[in-house]
Every structure is written in C-alpha cells, then in structure tokens.
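Trainee: What follows is structure_7.pdb, PDB, C-alpha atoms.
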ATOM      1  CA  MET B 247      -0.610  46.255-133.805
ATOM      2  CA  THR B 248       0.601  47.650-130.478
ATOM      3  CA  GLU B 249       0.517  45.082-127.696
ATOM      4  CA  ASP B 250      -0.658  46.013-124.208
ATOM      5  CA  THR B 251       1.911  45.893-121.422
ATOM      6  CA  LEU B 252       0.912  43.370-118.763
ATOM      7  CA  PRO B 253       0.899  44.361-115.080
ATOM      8  CA  ALA B 254       4.220  44.145-113.261
ATOM      9  CA  GLU B 255       5.758  44.872-109.888
ATOM     10  CA  TYR B 256       8.143  47.800-109.445
ATOM     11  CA  LEU B 257      10.782  48.011-112.174
ATOM     12  CA  SER B 258      13.465  50.633-112.696
ATOM     13  CA  PRO B 259      12.715  53.056-115.537
ATOM     14  CA  LEU B 260      15.257  51.266-117.746
ATOM     15  CA  ALA B 261      13.856  47.788-117.044
ATOM     16  CA  ALA B 262      10.330  49.124-117.579
ATOM     17  CA  LEU B 263      11.352  50.406-121.022
ATOM     18  CA  VAL B 264      12.677  46.958-121.943
ATOM     19  CA  ASP B 265       9.356  45.522-120.762
ATOM     20  CA  GLU B 266       7.531  47.953-123.064
ATOM     21  CA  VAL B 267       9.614  46.750-126.004
ATOM     22  CA  LEU B 268       8.829  43.160-125.034
ATOM     23  CA  ALA B 269       5.127  44.023-124.966
ATOM     24  CA  ARG B 270       5.345  45.441-128.491
ATOM     25  CA  VAL B 271       6.492  42.050-129.788
ATOM     26  CA  GLY B 272       4.024  40.087-127.678
ATOM     27  CA  TYR B 273       6.713  39.267-125.076
ATOM     28  CA  GLU B 274       8.639  37.115-127.544
ATOM     29  CA  MET B 275      12.035  37.317-125.881
ATOM     30  CA  GLU B 276      14.188  36.501-128.901
ATOM     31  CA  ALA B 277      12.425  39.024-131.134
ATOM     32  CA  ALA B 278      12.823  41.744-128.512
ATOM     33  CA  THR B 279      16.464  41.058-127.683
ATOM     34  CA  ASP B 280      17.379  40.829-131.389
ATOM     35  CA  ALA B 281      15.695  44.181-132.046
ATOM     36  CA  ILE B 282      17.416  45.815-129.060
ATOM     37  CA  ASN B 283      20.804  44.391-129.986
ATOM     38  CA  ASP B 284      20.410  45.769-133.518
ATOM     39  CA  ALA B 285      19.365  49.187-132.193
ATOM     40  CA  VAL B 286      22.202  49.642-129.699
ATOM     41  CA  PRO B 287      25.007  51.744-131.262
ATOM     42  CA  GLY B 288      27.970  49.601-132.143
ATOM     43  CA  TYR B 289      25.875  46.423-131.857
ATOM     44  CA  ARG B 290      27.193  45.822-128.354
ATOM     45  CA  GLY B 291      24.007  44.206-127.202
ATOM     46  CA  LEU B 292      21.500  44.317-124.398
ATOM     47  CA  PHE B 293      23.688  42.612-121.799
ATOM     48  CA  ASP B 294      27.130  43.731-122.935
ATOM     49  CA  PRO B 295      28.908  45.608-120.106
ATOM     50  CA  ALA B 296      30.050  48.151-122.693
ATOM     51  CA  THR B 297      26.434  49.189-123.343
ATOM     52  CA  THR B 298      25.820  52.179-121.078
ATOM     53  CA  PRO B 299      22.347  52.889-119.658
ATOM     54  CA  ALA B 300      22.189  56.078-121.737
ATOM     55  CA  LYS B 301      22.900  54.215-124.991
ATOM     56  CA  LEU B 302      20.427  51.499-124.106
ATOM     57  CA  ARG B 303      17.729  54.032-123.244
ATOM     58  CA  ARG B 304      18.179  55.816-126.581
ATOM     59  CA  ALA B 305      17.919  52.491-128.406
ATOM     60  CA  LEU B 306      14.763  51.556-126.494
ATOM     61  CA  ASP B 307      13.165  54.952-127.160
ATOM     62  CA  ASP B 308      13.929  54.569-130.873
ATOM     63  CA  LEU B 309      12.351  51.102-130.933
ATOM     64  CA  LEU B 310       9.218  52.308-129.159
ATOM     65  CA  ALA B 311       8.912  55.080-131.755
ATOM     66  CA  SER B 312       9.252  52.556-134.589
ATOM     67  CA  ASP B 313       6.760  50.177-136.193
ATOM     68  CA  LEU B 314       8.015  47.204-134.159
ATOM     69  CA  THR B 315       5.280  44.561-133.948
ATOM     70  CA  ARG B 316       4.691  40.997-132.822
ATOM     71  CA  PRO B 317       6.029  38.323-135.208
ATOM     72  CA  PRO B 318       3.458  36.107-136.965
ATOM     73  CA  ALA B 319       2.427  33.091-134.900
ATOM     74  CA  PRO B 320       3.468  29.675-136.235
ATOM     75  CA  THR B 321       0.686  27.313-137.278
ATOM     76  CA  PRO B 322      -0.096  24.610-134.684
ATOM     77  CA  THR B 323      -1.006  21.019-135.482
ATOM     78  CA  SER B 324      -4.369  21.218-133.689
ATOM     79  CA  ASP B 325      -6.332  23.119-131.040
ATOM     80  CA  SER B 326      -4.514  21.239-128.256
ATOM     81  CA  PHE B 327      -1.540  22.919-126.602
ATOM     82  CA  ILE B 328       1.124  22.438-123.950
ATOM     83  CA  LEU B 329       2.267  25.411-121.880
ATOM     84  CA  TYR B 330       5.469  25.375-119.845
ATOM     85  CA  VAL B 331       5.769  28.209-117.301
ATOM     86  CA  ASP B 332       8.366  29.226-114.742
ATOM     87  CA  GLY B 333       9.155  32.144-112.458
ATOM     88  CA  SER B 334      12.547  33.077-111.090
ATOM     89  CA  SER B 335      13.621  35.410-108.293
ATOM     90  CA  ARG B 336      17.279  36.022-107.587
ATOM     91  CA  GLY B 337      17.365  36.591-103.832
ATOM     92  CA  ASN B 338      13.653  35.901-103.176
ATOM     93  CA  PRO B 339      12.842  38.728-102.975
ATOM     94  CA  GLY B 340      15.111  40.140-105.619
ATOM     95  CA  PRO B 341      15.197  40.748-109.394
ATOM     96  CA  ALA B 342      12.505  38.448-110.758
ATOM     97  CA  GLY B 343      11.494  37.232-114.199
ATOM     98  CA  ALA B 344       8.856  35.072-115.837
ATOM     99  CA  GLY B 345       9.047  32.687-118.776
ATOM    100  CA  ALA B 346       6.588  30.634-120.794
ATOM    101  CA  VAL B 347       6.884  28.301-123.786
ATOM    102  CA  ILE B 348       3.884  27.430-125.941
ATOM    103  CA  MET B 349       3.948  24.081-127.730
ATOM    104  CA  ASP B 350       1.437  22.243-129.875
ATOM    105  CA  ASP B 351       0.365  18.705-129.044
ATOM    106  CA  SER B 352       3.316  17.284-130.981
ATOM    107  CA  GLU B 353       5.554  19.122-128.455
ATOM    108  CA  THR B 354       6.908  21.403-131.168
ATOM    109  CA  GLU B 355       7.861  24.798-129.742
ATOM    110  CA  LEU B 356       5.716  27.579-131.195
ATOM    111  CA  VAL B 357       6.395  30.655-129.075
ATOM    112  CA  ARG B 358       8.930  31.540-126.349
ATOM    113  CA  LEU B 359       7.862  34.327-124.000
ATOM    114  CA  GLY B 360       9.658  36.158-121.229
ATOM    115  CA  ARG B 361       9.634  39.351-119.230
ATOM    116  CA  PRO B 362      10.948  41.063-116.090
ATOM    117  CA  VAL B 363       8.552  40.953-113.136
ATOM    118  CA  GLY B 364      10.037  43.248-110.512
ATOM    119  CA  SER B 365      13.299  44.519-109.100
ATOM    120  CA  ARG B 366      12.540  43.192-105.603
ATOM    121  CA  THR B 367       9.925  40.482-105.998
ATOM    122  CA  GLY B 368       9.393  37.043-104.481
ATOM    123  CA  ASN B 369       9.415  33.767-106.368
ATOM    124  CA  ASN B 370       5.712  33.041-105.758
ATOM    125  CA  THR B 371       4.692  36.273-107.460
ATOM    126  CA  ALA B 372       7.006  35.487-110.383
ATOM    127  CA  GLU B 373       5.322  32.069-110.769
ATOM    128  CA  TYR B 374       1.877  33.694-111.008
ATOM    129  CA  VAL B 375       3.151  36.210-113.547
ATOM    130  CA  ALA B 376       4.657  33.391-115.619
ATOM    131  CA  LEU B 377       1.326  31.572-115.799
ATOM    132  CA  GLN B 378      -0.491  34.781-116.694
ATOM    133  CA  LEU B 379       2.129  35.566-119.337
ATOM    134  CA  GLY B 380       1.768  32.153-120.938
ATOM    135  CA  LEU B 381      -2.034  32.123-120.933
ATOM    136  CA  VAL B 382      -2.364  35.653-122.298
ATOM    137  CA  GLY B 383       0.232  34.881-124.968
ATOM    138  CA  LEU B 384      -1.535  31.669-125.932
ATOM    139  CA  LEU B 385      -4.974  33.287-126.199
ATOM    140  CA  ALA B 386      -3.600  36.245-128.169
ATOM    141  CA  ARG B 387      -2.355  33.882-130.874
ATOM    142  CA  TYR B 388      -4.577  30.794-130.868
ATOM    143  CA  GLU B 389      -7.991  29.423-129.906
ATOM    144  CA  PRO B 390      -7.095  26.547-127.593
ATOM    145  CA  GLN B 391      -9.695  23.926-126.741
ATOM    146  CA  HIS B 392      -7.380  21.671-124.755
ATOM    147  CA  LEU B 393      -4.438  22.781-122.635
ATOM    148  CA  GLU B 394      -1.897  21.063-120.419
ATOM    149  CA  VAL B 395       0.032  23.465-118.195
ATOM    150  CA  ARG B 396       3.395  22.118-117.042
ATOM    151  CA  ILE B 397       4.471  23.944-113.911
ATOM    152  CA  ASP B 398       6.732  23.329-110.913
ATOM    153  CA  SER B 399       5.030  25.657-108.413
ATOM    154  CA  MET B 400       2.803  23.702-106.033
ATOM    155  CA  THR B 401       1.786  27.042-104.521
ATOM    156  CA  VAL B 402       0.175  28.128-107.795
ATOM    157  CA  ILE B 403      -1.238  24.670-108.487
ATOM    158  CA  ARG B 404      -2.987  24.479-105.101
ATOM    159  CA  ASP B 405      -4.382  27.977-105.515
ATOM    160  CA  ILE B 406      -5.525  27.866-109.149
ATOM    161  CA  TRP B 407      -6.573  24.236-109.530
ATOM    162  CA  GLY B 408      -7.107  23.329-105.881
ATOM    163  CA  GLY B 409      -9.463  26.151-104.992
ATOM    164  CA  GLY B 410      -7.312  27.477-102.162
ATOM    165  CA  ASP B 411      -6.785  31.046-101.077
ATOM    166  CA  PRO B 412      -3.950  33.164-102.511
ATOM    167  CA  PRO B 413      -0.781  32.377-100.527
ATOM    168  CA  GLU B 414       0.239  35.995-100.066
ATOM    169  CA  LEU B 415      -0.902  39.546-100.603
ATOM    170  CA  GLY B 416      -0.191  41.131-103.945
ATOM    171  CA  VAL B 417      -0.958  38.251-106.316
ATOM    172  CA  GLU B 418      -4.696  38.904-106.649
ATOM    173  CA  THR B 419      -4.350  40.850-109.918
ATOM    174  CA  TYR B 420      -2.453  37.986-111.533
ATOM    175  CA  ARG B 421      -4.732  35.336-110.046
ATOM    176  CA  THR B 422      -7.848  37.061-111.412
ATOM    177  CA  ALA B 423      -6.302  37.322-114.882
ATOM    178  CA  ILE B 424      -5.322  33.638-114.779
ATOM    179  CA  GLU B 425      -8.807  32.512-113.773
ATOM    180  CA  ARG B 426     -10.371  34.663-116.487
ATOM    181  CA  ALA B 427      -8.058  33.190-119.120
ATOM    182  CA  LEU B 428      -8.586  29.577-118.030
ATOM    183  CA  ALA B 429     -12.360  30.093-118.085
ATOM    184  CA  THR B 430     -12.159  30.542-121.869
ATOM    185  CA  ILE B 431     -10.424  27.179-122.416
ATOM    186  CA  PRO B 432     -12.923  24.293-122.297
ATOM    187  CA  ASP B 433     -10.445  21.640-121.178
ATOM    188  CA  HIS B 434      -7.392  22.505-119.112
ATOM    189  CA  ARG B 435      -5.277  20.607-116.616
ATOM    190  CA  TYR B 436      -1.869  20.810-115.021
ATOM    191  CA  THR B 437       1.158  18.544-114.759
ATOM    192  CA  HIS B 438       3.460  19.158-111.823
ATOM    193  CA  LEU B 439       7.124  19.282-112.793
ATOM    194  CA  ALA B 440       9.694  17.992-110.340
ATOM    195  CA  ASP B 441      12.859  20.015-109.869
ATOM    196  CA  SER B 442      14.715  17.450-111.977
ATOM    197  CA  ASP B 443      12.277  17.714-114.902
ATOM    198  CA  PRO B 444      13.379  19.871-117.828
ATOM    199  CA  ASN B 445      11.504  23.136-118.183
ATOM    200  CA  PRO B 446      12.276  25.228-121.286
ATOM    201  CA  ALA B 447      10.662  28.263-119.640
ATOM    202  CA  ASP B 448      13.374  28.394-116.977
ATOM    203  CA  ALA B 449      15.980  30.084-119.178
ATOM    204  CA  LEU B 450      13.471  32.728-120.261
ATOM    205  CA  ALA B 451      12.620  33.503-116.639
ATOM    206  CA  THR B 452      16.335  33.885-115.925
ATOM    207  CA  VAL B 453      16.712  36.428-118.715
ATOM    208  CA  GLY B 454      13.700  38.265-117.302
ATOM    209  CA  SER B 455      15.453  38.376-113.935
ATOM    210  CA  ASP B 456      18.569  39.781-115.596
ATOM    211  CA  ILE B 457      16.449  42.582-117.130
ATOM    212  CA  ALA B 458      14.720  43.261-113.798
ATOM    213  CA  ALA B 459      18.168  43.848-112.281
ATOM    214  CA  PHE B 460      18.882  46.807-114.600
ATOM    215  CA  GLY B 461      19.589  50.067-112.805
ATOM    216  CA  PRO B 462      17.540  53.258-112.960
ATOM    217  CA  GLY B 463      18.583  54.375-116.459
TER     218      GLY B 463
END
Rewrite the structure of this file - the entire thing - as structure tokens.
Mentor:
Amino acid sequence: MTEDTLPAEYLSPLAALVDEVLARVGYEMEAATDAINDAVPGYRGLFDPATTPAKLRRALDDLLASDLTRPPAPTPTSDSFILYVDGSSRGNPGPAGAGAVIMDDSETELVRLGRPVGSRTGNNTAEYVALQLGLVGLLARYEPQHLEVRIDSMTVIRDIWGGGDPPELGVETYRTAIERALATIPDHRYTHLADSDPNPADALATVGSDIAAFGPG
C-alpha cells in the first residue's frame, strides 16, 4: 500500500524526496533510513558526508520506484495508547523536524515516527506537525479508545485542549487535521512534559531537522 505524504512546509527537492520515502513506510524513521542506507551505492548512508546529493537522489528515486511499503504494526496490549510527540527547529526558524512515539498502555514502544517539516520553519509549527504525525500514524495502525498524549509544548496544549486561537498564521492546516483525528478517539487527554522529562520523540525530531537541512539536490 502506498502511504499518502502529509502536508509540510517548504523543503528542498532532496529533502522532499526523503519525505516521500518516509511516507511510503508510514513515516517509520528506522525503516526509511535503513532502506535508504541500503540503496545508496557503497552503503555510505543517508548522513555520510561521502554520499553526494546526486547519489542520494538516485537511491531515493529507485526506492520510490520499488515496492517499498509500511512495516506491519506490532500488536498492542489493549485499545489504550500513549503518544509522545516533539518538534524541533534548529534556528527557530530553521531546519525543522517532527517526531512521535506510539506506545501501548504497558509503555512498550510500538512505532517510532519522524519526518522533516521545513527548511526554514519555527518550533511552534514543528510541534503541531509532530502531533499530527503521531495521531495520523496511530489511527492508520490501530483503533484507539483511550489516548494520553505526552507533549512539552504549552502553545499546542492551550490551543488544542484549551480552546484557544492558533498562536500564529500557517498552522491552521495542521490544527484542523489534529482536531479531526482527536474527534475519532472517545477518550483523550494530555500530560505536559517538563524540559527535564525524557521524551523519546525528541531524537526523531532531531533526525527530521537534519533531513530538512539537506540542500537542493
């Protein structure tokens, strides 16, 4: 099955191709990076300085022409889930990424998602994209009845759960998608993460930022 690419801010052509590959595997970061690393001539890898944009583009084109698909979803313990989300912007605005980790109610990791958001994007937008990424990924794989979202962005919390107005222009598309997704989950709530709290989505957002920083290709 071919996955749909989620909306994004401006990305270079090369970063956009990586995002397309991520979409094909349901934004599972490890599956995408493993596939890209295997496809790059000489196995130099996605982030190896020796991998030229031309070689990476050829590898990405080959993957998009292949039968690459989303890995099977692990079986959860119940219909209750935990979703960690995080957005990252290097420079704010700058190269931005989003990450999300889906867990079951035993706090066993099920799925790790990540993607680039934009080459010159603010952190608030990246936080919205991360929540959208996690919710869409969750609903594509499972039928959650109970959900706890663990998130550090008070901006998103106040907007989505507090009934406030969007904090800035440009997030309406993501906000609408988030509200639509949450409306399908009977019981959902948030837990605010302090800066000192561990967030497994953070590393995935950082990788997304690294991809967003790719040049034109």
Trainee: Would you kindly return, as a PyMOL selection string, each protein, DNA or RNA residue with an atom no farther than 12 Å from any atom of Gly380 of chain B, considering all atoms listed in the file and excluding same-chain residues fewer than 2 positions away?
Mentor: chain B and resi 252+272-274+327-333+344-349+356-361+373-378+382-388+393-397+420+423-424+427-428+447+450-451
Trainee: To test your reading of the syntax: which residues would the PyMOL selection byres ((chain B and resi 324) around 9) return for the file shown? Reply as a list in words.
Mentor: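 Going through the file, the PyMOL selection byres ((chain B and resi 324) around 9) ends up selecting Thr321, Pro322, Thr323, Asp325, Ser326, Phe327, Asp350, Asp351 and Pro390 of chain B.
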Trainee: To one decimal place, how far is atom CA of Thr437 of chain B from atom CA of Gly408 of chain B in Å?
Mentor: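 Between atom CA of Thr437 of chain B and atom CA of Gly408 of chain B the gap is 13.0 Å.
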Trainee: Out of B:Pro320, B:Pro362, B:Pro253, B:Gly291, which residue has the shortest atom-to-atom distance to Met275 of chain B when counting all atoms listed in the file?
Mentor: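 Looking at the shortest contact to Met275 of chain B, the residue is B:Pro362.
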Trainee: Ranking B:Asp307, B:Leu268, B:Ala458, B:Thr354 by minimum distance to Pro339 of chain B and counting all atoms listed in the file, which one comes first?
Mentor: B:Ala458
Trainee: Can you measure atom CA of Gly461 of chain B to atom CA of Thr419 of chain B for me? One decimal in Å is fine.
Mentor: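 These atoms are spaced 25.8 Å apart.
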Trainee: What would the list of residues within 10 Å of (14.2, 37.6, -110.6) (file frame) look like as an MDAnalysis selection string, if only C-alpha atoms are what count?
Mentor: chainID B and resid 333:344 361:369 372 451:459
Trainee: Report, in Å to a single decimal, how far apart atom CA of Ser352 of chain B and atom CA of Asp441 of chain B are.
Mentor: 23.3 Å
Trainee: Env of Leu302 of chain B: 10 Å cut, atoms = all atoms listed in the file, seq-sep filter 3 positions within chain, self excluded. Answer as an mmCIF file with C-alpha atoms, keeping the file's coordinate frame.
Mentor:
data_model
loop_
_atom_site.group_PDB
_atom_site.id
_atom_site.type_symbol
_atom_site.label_atom_id
_atom_site.label_comp_id
_atom_site.auth_asym_id
_atom_site.auth_seq_id
_atom_site.Cartn_x
_atom_site.Cartn_y
_atom_site.Cartn_z
ATOM 1 C CA LEU B 260 15.257 51.266 -117.746
ATOM 2 C CA LEU B 263 11.352 50.406 -121.022
ATOM 3 C CA VAL B 264 12.677 46.958 -121.943
ATOM 4 C CA ILE B 282 17.416 45.815 -129.060
ATOM 5 C CA ASN B 283 20.804 44.391 -129.986
ATOM 6 C CA ALA B 285 19.365 49.187 -132.193
ATOM 7 C CA VAL B 286 22.202 49.642 -129.699
ATOM 8 C CA PRO B 287 25.007 51.744 -131.262
ATOM 9 C CA ARG B 290 27.193 45.822 -128.354
ATOM 10 C CA GLY B 291 24.007 44.206 -127.202
ATOM 11 C CA LEU B 292 21.500 44.317 -124.398
ATOM 12 C CA PHE B 293 23.688 42.612 -121.799
ATOM 13 C CA THR B 297 26.434 49.189 -123.343
ATOM 14 C CA THR B 298 25.820 52.179 -121.078
ATOM 15 C CA PRO B 299 22.347 52.889 -119.658
ATOM 16 C CA ALA B 305 17.919 52.491 -128.406
ATOM 17 C CA LEU B 306 14.763 51.556 -126.494
ATOM 18 C CA ASP B 307 13.165 54.952 -127.160
ATOM 19 C CA ASP B 308 13.929 54.569 -130.873
ATOM 20 C CA GLY B 463 18.583 54.375 -116.459
#
Trainee: Select, from B:Glu425, B:Trp407, B:Ala278, B:Phe460, the residue with the minimum atom-to-atom distance to Ala262 of chain B, counting only C-alpha atoms.
Mentor: B:Phe460
Trainee: Of the candidates B:Glu418, B:Asp398, B:Asp284, B:Glu355, which one gets nearest to Asn445 of chain B if we count only C-alpha atoms?
Mentor: B:Asp398
Trainee: Env of Gly410 of chain B: 12 Å cut, atoms = all atoms listed in the file, seq-sep filter 4 positions within chain, self excluded. Answer as a list of chain:residue names.
Mentor: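 After dropping sequence-adjacent residues, the list is B:Met400, B:Thr401, B:Val402, B:Ile403, B:Arg404, B:Asp405, B:Ile406, B:Glu414, B:Arg421.
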Trainee: If you keep C-alpha atoms, can you produce a file of those selected residues as a compact mmCIF listing (two decimals), in the frame of the given file?
Mentor:
# COMPACT_ATOMS: atom_id res chain seq x y z
CA MET B 400 2.80 23.70 -106.03
CA THR B 401 1.79 27.04 -104.52
CA VAL B 402 0.18 28.13 -107.80
CA ILE B 403 -1.24 24.67 -108.49
CA ARG B 404 -2.99 24.48 -105.10
CA ASP B 405 -4.38 27.98 -105.52
CA ILE B 406 -5.52 27.87 -109.15
CA GLU B 414 0.24 35.99 -100.07
CA ARG B 421 -4.73 35.34 -110.05
